[in-house]
Amino acid sequence: MLYVVRDLPPRGDVEAPLHAKSSEVGSPAAGTYYIESSYKDAGTDNIVTVVLADYRGFDTFGETVVVFAAGAACLLILRGRRRS
Amino acid sequence: MKSVGVSPIVRLACRCMARLIQIFALYVIFHGHYSPGGGFQGGALLAAAVILIRIGEGRPVSQVELSSSATLGIGSFGALLFGGVGLLALLGGGNFLQYDALPSFGLSPVGLHYWGILVIELGVALAVMAILVSIFDVLTEDDESEG
């Protein structure tokens, strides 16, 4: 793994494939789009918040439901065991 | 977890710390638009404040702030607030959680995104806070009834 790390682009390299406008097969790269247009789309400075709650809002909804399901399962299992 | 044995210093410290943590939690939630933070982190901090009171003051006193029976209701309210915003956008003719399609109260589409994000962050915070407290409650129920 350390051998492979040496081949990774350095941090902040604008030439890195990650920061290209489009990927090698020609599809637009998501990261660049977020950085360019997150403030224009949502009026929010924090790009992480915009990605989390806006572009990937459905994902965050799933996370919330998972947290809720975990709590409900804890409640049901532990309460149920106590009664028996 | 008997409240009799806890010294007054610890109880006072818990009371002071809990309020500070709650203020910081609100800051983390509402400042999530500009700095690291948001619903999950702020909800965990709110839960920490409530659990600190539960530990320091004992269960009966802490029920005044947030009763154990209300936690699951608040948690589902938070999750449903998130889902409700998504469904409201569906009713407005957009995709799920497409904030542009929400009924605009004189807001621009950008403003709708801004406030939509805030509302769902609040929903996340409520759900996380209530669920963490409810897990703590159900795990410590035994200690209370025996001690």
# chains A, B, ... in the order shown; residues from 1 in each chain; ligands from 1
$ residues_around --residues "Glu36 of chain A" --least-positions-apart "5" --cutoff "10 Å" --atoms "only C-alpha atoms" --output "PyMOL selection string"
chain A and resi 31+41+47
$ write_last_selection --atoms "C-alpha atoms" --output "PDB file, in the first residue's frame"
ATOM      1  CA  GLY A  31     -16.316  17.266  -7.420  1.00  0.00           C
ATOM      2  CA  ASP A  41     -27.215  26.755  -5.999  1.00  0.00           C
ATOM      3  CA  ILE A  47     -19.634  22.993   0.549  1.00  0.00           C
TER       4      ILE A  47
END
$ closest_atom_pairs --of "chain A" --to "chain B" --cutoff "7 Å" --atoms "only C-alpha atoms" --output "CSV"
residue,atom,partner,partner_atom,distance
A:Asp41,CA,B:Val110,CA,5.8
A:Ala42,CA,B:Val110,CA,4.9
A:Gly43,CA,B:Val110,CA,5.8
A:Thr44,CA,B:His33,CA,5.6
A:Asp45,CA,B:Tyr34,CA,5.2
A:Asn46,CA,B:Tyr34,CA,5.1
A:Thr49,CA,B:His33,CA,6.3
A:Ala53,CA,B:Ile117,CA,5.8
A:Asp54,CA,B:Ile117,CA,6.7
A:Gly57,CA,B:Leu97,CA,6.6
A:Phe61,CA,B:Phe82,CA,6.7
A:Thr64,CA,B:Val124,CA,6.2
A:Val65,CA,B:Ala79,CA,6.5
A:Val67,CA,B:Val128,CA,6.8
A:Phe68,CA,B:Ile131,CA,6.4
A:Gly71,CA,B:Ile131,CA,5.2
A:Cys74,CA,B:Ile135,CA,6.5
A:Leu75,CA,B:Val138,CA,6.3
A:Leu78,CA,B:Val138,CA,6.9
$ write_last_selection --atoms "C-alpha atoms" --output "PDB file, in the first residue's frame"
ATOM      1  CA  ASP A  41     -27.215  26.755  -5.999  1.00  0.00           C
ATOM      2  CA  ALA A  42     -27.847  26.953  -2.271  1.00  0.00           C
ATOM      3  CA  GLY A  43     -26.414  30.263  -0.996  1.00  0.00           C
ATOM      4  CA  THR A  44     -24.437  28.361   1.623  1.00  0.00           C
ATOM      5  CA  ASP A  45     -20.722  28.810   2.203  1.00  0.00           C
ATOM      6  CA  ASN A  46     -19.986  25.340   3.520  1.00  0.00           C
ATOM      7  CA  THR A  49     -23.169  21.012   4.142  1.00  0.00           C
ATOM      8  CA  ALA A  53     -28.031  18.063   2.764  1.00  0.00           C
ATOM      9  CA  ASP A  54     -28.751  19.138  -0.808  1.00  0.00           C
ATOM     10  CA  GLY A  57     -30.006  14.750   0.623  1.00  0.00           C
ATOM     11  CA  PHE A  61     -32.322  10.900   4.889  1.00  0.00           C
ATOM     12  CA  THR A  64     -31.319   9.530   9.766  1.00  0.00           C
ATOM     13  CA  VAL A  65     -33.663   6.599   9.259  1.00  0.00           C
ATOM     14  CA  VAL A  67     -30.174   6.099  13.398  1.00  0.00           C
ATOM     15  CA  PHE A  68     -33.879   6.019  14.192  1.00  0.00           C
ATOM     16  CA  GLY A  71     -32.790   3.358  18.529  1.00  0.00           C
ATOM     17  CA  CYS A  74     -32.559  -1.141  20.997  1.00  0.00           C
ATOM     18  CA  LEU A  75     -35.756  -0.112  22.723  1.00  0.00           C
ATOM     19  CA  LEU A  78     -34.006  -4.502  25.616  1.00  0.00           C
TER      20      LEU A  78
END
$ atom_distance --atom1 "atom CA of Ser27 of chain A" --atom2 "atom CA of Glu15 of chain A"
17.0 Å
$ atom_distance --atom1 "atom CA of Gly56 of chain B" --atom2 "atom CA of Arg11 of chain B"
5.3 Å
$ select_by_dssp --residues "chain B" --states "helix (DSSP H, G or I)" --output "PyMOL selection string"
chain B and resi 3-5+8-30+39-57+59-62+68-91+99-101+109-146
$ write_last_selection --atoms "C-alpha atoms" --output "mmCIF file, in the first residue's frame"
data_model
loop_
_atom_site.group_PDB
_atom_site.id
_atom_site.type_symbol
_atom_site.label_atom_id
_atom_site.label_comp_id
_atom_site.auth_asym_id
_atom_site.auth_seq_id
_atom_site.Cartn_x
_atom_site.Cartn_y
_atom_site.Cartn_z
ATOM 1 C CA SER B 3 -28.388 10.648 43.191
ATOM 2 C CA VAL B 4 -27.920 10.551 46.964
ATOM 3 C CA GLY B 5 -24.235 9.777 46.776
ATOM 4 C CA PRO B 8 -23.014 18.979 45.439
ATOM 5 C CA ILE B 9 -19.900 20.066 43.540
ATOM 6 C CA VAL B 10 -20.427 17.429 40.888
ATOM 7 C CA ARG B 11 -24.122 18.265 40.614
ATOM 8 C CA LEU B 12 -23.482 21.984 40.226
ATOM 9 C CA ALA B 13 -20.745 21.339 37.682
ATOM 10 C CA CYS B 14 -23.089 19.092 35.690
ATOM 11 C CA ARG B 15 -25.789 21.771 35.682
ATOM 12 C CA CYS B 16 -23.409 24.484 34.472
ATOM 13 C CA MET B 17 -21.702 22.289 31.901
ATOM 14 C CA ALA B 18 -25.006 21.004 30.483
ATOM 15 C CA ARG B 19 -26.230 24.529 29.673
ATOM 16 C CA LEU B 20 -22.934 25.455 28.026
ATOM 17 C CA ILE B 21 -23.009 22.261 25.962
ATOM 18 C CA GLN B 22 -26.577 22.999 24.869
ATOM 19 C CA ILE B 23 -25.697 26.521 23.744
ATOM 20 C CA PHE B 24 -22.709 25.168 21.852
ATOM 21 C CA ALA B 25 -24.921 22.499 20.288
ATOM 22 C CA LEU B 26 -27.349 25.124 18.978
ATOM 23 C CA TYR B 27 -24.384 27.055 17.620
ATOM 24 C CA VAL B 28 -23.080 23.949 15.860
ATOM 25 C CA ILE B 29 -26.501 23.246 14.308
ATOM 26 C CA PHE B 30 -27.300 26.777 13.142
ATOM 27 C CA GLY B 39 -27.415 18.131 12.505
ATOM 28 C CA PHE B 40 -25.540 14.984 13.465
ATOM 29 C CA GLN B 41 -22.852 16.745 15.491
ATOM 30 C CA GLY B 42 -25.263 19.183 17.122
ATOM 31 C CA GLY B 43 -27.691 16.383 17.973
ATOM 32 C CA ALA B 44 -24.912 14.390 19.636
ATOM 33 C CA LEU B 45 -23.988 17.461 21.719
ATOM 34 C CA LEU B 46 -27.631 18.005 22.768
ATOM 35 C CA ALA B 47 -27.808 14.352 23.799
ATOM 36 C CA ALA B 48 -24.563 14.752 25.757
ATOM 37 C CA ALA B 49 -26.078 17.635 27.730
ATOM 38 C CA VAL B 50 -29.222 15.669 28.596
ATOM 39 C CA ILE B 51 -27.233 12.561 29.531
ATOM 40 C CA LEU B 52 -24.933 14.665 31.743
ATOM 41 C CA ILE B 53 -27.974 15.823 33.710
ATOM 42 C CA ARG B 54 -29.236 12.230 33.846
ATOM 43 C CA ILE B 55 -25.910 11.083 35.348
ATOM 44 C CA GLY B 56 -25.303 14.001 37.672
ATOM 45 C CA GLU B 57 -28.760 14.670 39.043
ATOM 46 C CA ARG B 59 -33.220 10.104 36.782
ATOM 47 C CA PRO B 60 -36.166 11.803 38.551
ATOM 48 C CA VAL B 61 -34.761 15.342 38.208
ATOM 49 C CA SER B 62 -33.678 14.851 34.607
ATOM 50 C CA SER B 68 -37.924 9.026 28.787
ATOM 51 C CA SER B 69 -41.341 8.377 27.288
ATOM 52 C CA ALA B 70 -41.075 11.388 24.980
ATOM 53 C CA THR B 71 -37.767 10.435 23.377
ATOM 54 C CA LEU B 72 -39.096 8.028 20.776
ATOM 55 C CA GLY B 73 -41.788 10.522 19.783
ATOM 56 C CA ILE B 74 -39.274 13.335 19.349
ATOM 57 C CA GLY B 75 -37.002 11.016 17.385
ATOM 58 C CA SER B 76 -39.759 10.055 14.978
ATOM 59 C CA PHE B 77 -40.778 13.705 14.690
ATOM 60 C CA GLY B 78 -37.233 14.582 13.613
ATOM 61 C CA ALA B 79 -37.071 11.820 11.020
ATOM 62 C CA LEU B 80 -40.558 12.685 9.759
ATOM 63 C CA LEU B 81 -39.619 16.374 9.509
ATOM 64 C CA PHE B 82 -36.830 15.368 7.145
ATOM 65 C CA GLY B 83 -39.097 13.062 5.164
ATOM 66 C CA GLY B 84 -41.892 15.627 5.222
ATOM 67 C CA VAL B 85 -39.714 18.238 3.537
ATOM 68 C CA GLY B 86 -38.879 15.646 0.883
ATOM 69 C CA LEU B 87 -42.522 14.743 0.336
ATOM 70 C CA LEU B 88 -43.538 18.414 0.259
ATOM 71 C CA ALA B 89 -41.083 18.896 -2.583
ATOM 72 C CA LEU B 90 -42.667 15.891 -4.318
ATOM 73 C CA LEU B 91 -46.113 17.473 -3.934
ATOM 74 C CA TYR B 99 -35.876 22.283 -2.434
ATOM 75 C CA ASP B 100 -36.758 24.498 -5.439
ATOM 76 C CA ALA B 101 -40.143 22.810 -5.622
ATOM 77 C CA PRO B 109 -34.937 29.257 -5.251
ATOM 78 C CA VAL B 110 -31.535 29.821 -3.646
ATOM 79 C CA GLY B 111 -33.230 30.960 -0.437
ATOM 80 C CA LEU B 112 -35.435 27.871 -0.511
ATOM 81 C CA HIS B 113 -32.326 25.686 -0.670
ATOM 82 C CA TYR B 114 -30.841 27.645 2.237
ATOM 83 C CA TRP B 115 -33.864 27.247 4.501
ATOM 84 C CA GLY B 116 -34.592 23.706 3.357
ATOM 85 C CA ILE B 117 -31.115 22.650 4.421
ATOM 86 C CA LEU B 118 -31.645 24.301 7.808
ATOM 87 C CA VAL B 119 -34.977 22.530 8.374
ATOM 88 C CA ILE B 120 -33.634 19.086 7.547
ATOM 89 C CA GLU B 121 -30.564 19.705 9.736
ATOM 90 C CA LEU B 122 -32.963 20.480 12.591
ATOM 91 C CA GLY B 123 -34.817 17.240 11.886
ATOM 92 C CA VAL B 124 -31.563 15.283 11.939
ATOM 93 C CA ALA B 125 -30.501 16.958 15.192
ATOM 94 C CA LEU B 126 -33.808 16.156 16.915
ATOM 95 C CA ALA B 127 -33.712 12.526 15.749
ATOM 96 C CA VAL B 128 -30.089 11.969 16.805
ATOM 97 C CA MET B 129 -30.579 13.661 20.186
ATOM 98 C CA ALA B 130 -33.734 11.749 21.064
ATOM 99 C CA ILE B 131 -32.429 8.382 19.907
ATOM 100 C CA LEU B 132 -29.116 8.685 21.789
ATOM 101 C CA VAL B 133 -30.966 9.648 24.973
ATOM 102 C CA SER B 134 -33.479 6.822 24.531
ATOM 103 C CA ILE B 135 -30.659 4.263 24.113
ATOM 104 C CA PHE B 136 -29.005 5.606 27.276
ATOM 105 C CA ASP B 137 -32.331 5.398 29.126
ATOM 106 C CA VAL B 138 -33.088 1.852 28.130
ATOM 107 C CA LEU B 139 -29.554 0.708 29.017
ATOM 108 C CA THR B 140 -29.643 2.271 32.496
ATOM 109 C CA GLU B 141 -33.214 1.358 33.398
ATOM 110 C CA ASP B 142 -32.079 -1.650 35.441
ATOM 111 C CA ASP B 143 -29.674 0.307 37.634
ATOM 112 C CA GLU B 144 -32.405 2.712 38.567
ATOM 113 C CA SER B 145 -34.998 0.117 39.588
ATOM 114 C CA GLU B 146 -32.504 -1.921 41.612
#
$ atom_distance --atom1 "atom CA of Val48 of chain A" --atom2 "atom CA of Glu63 of chain A"
15.7 Å
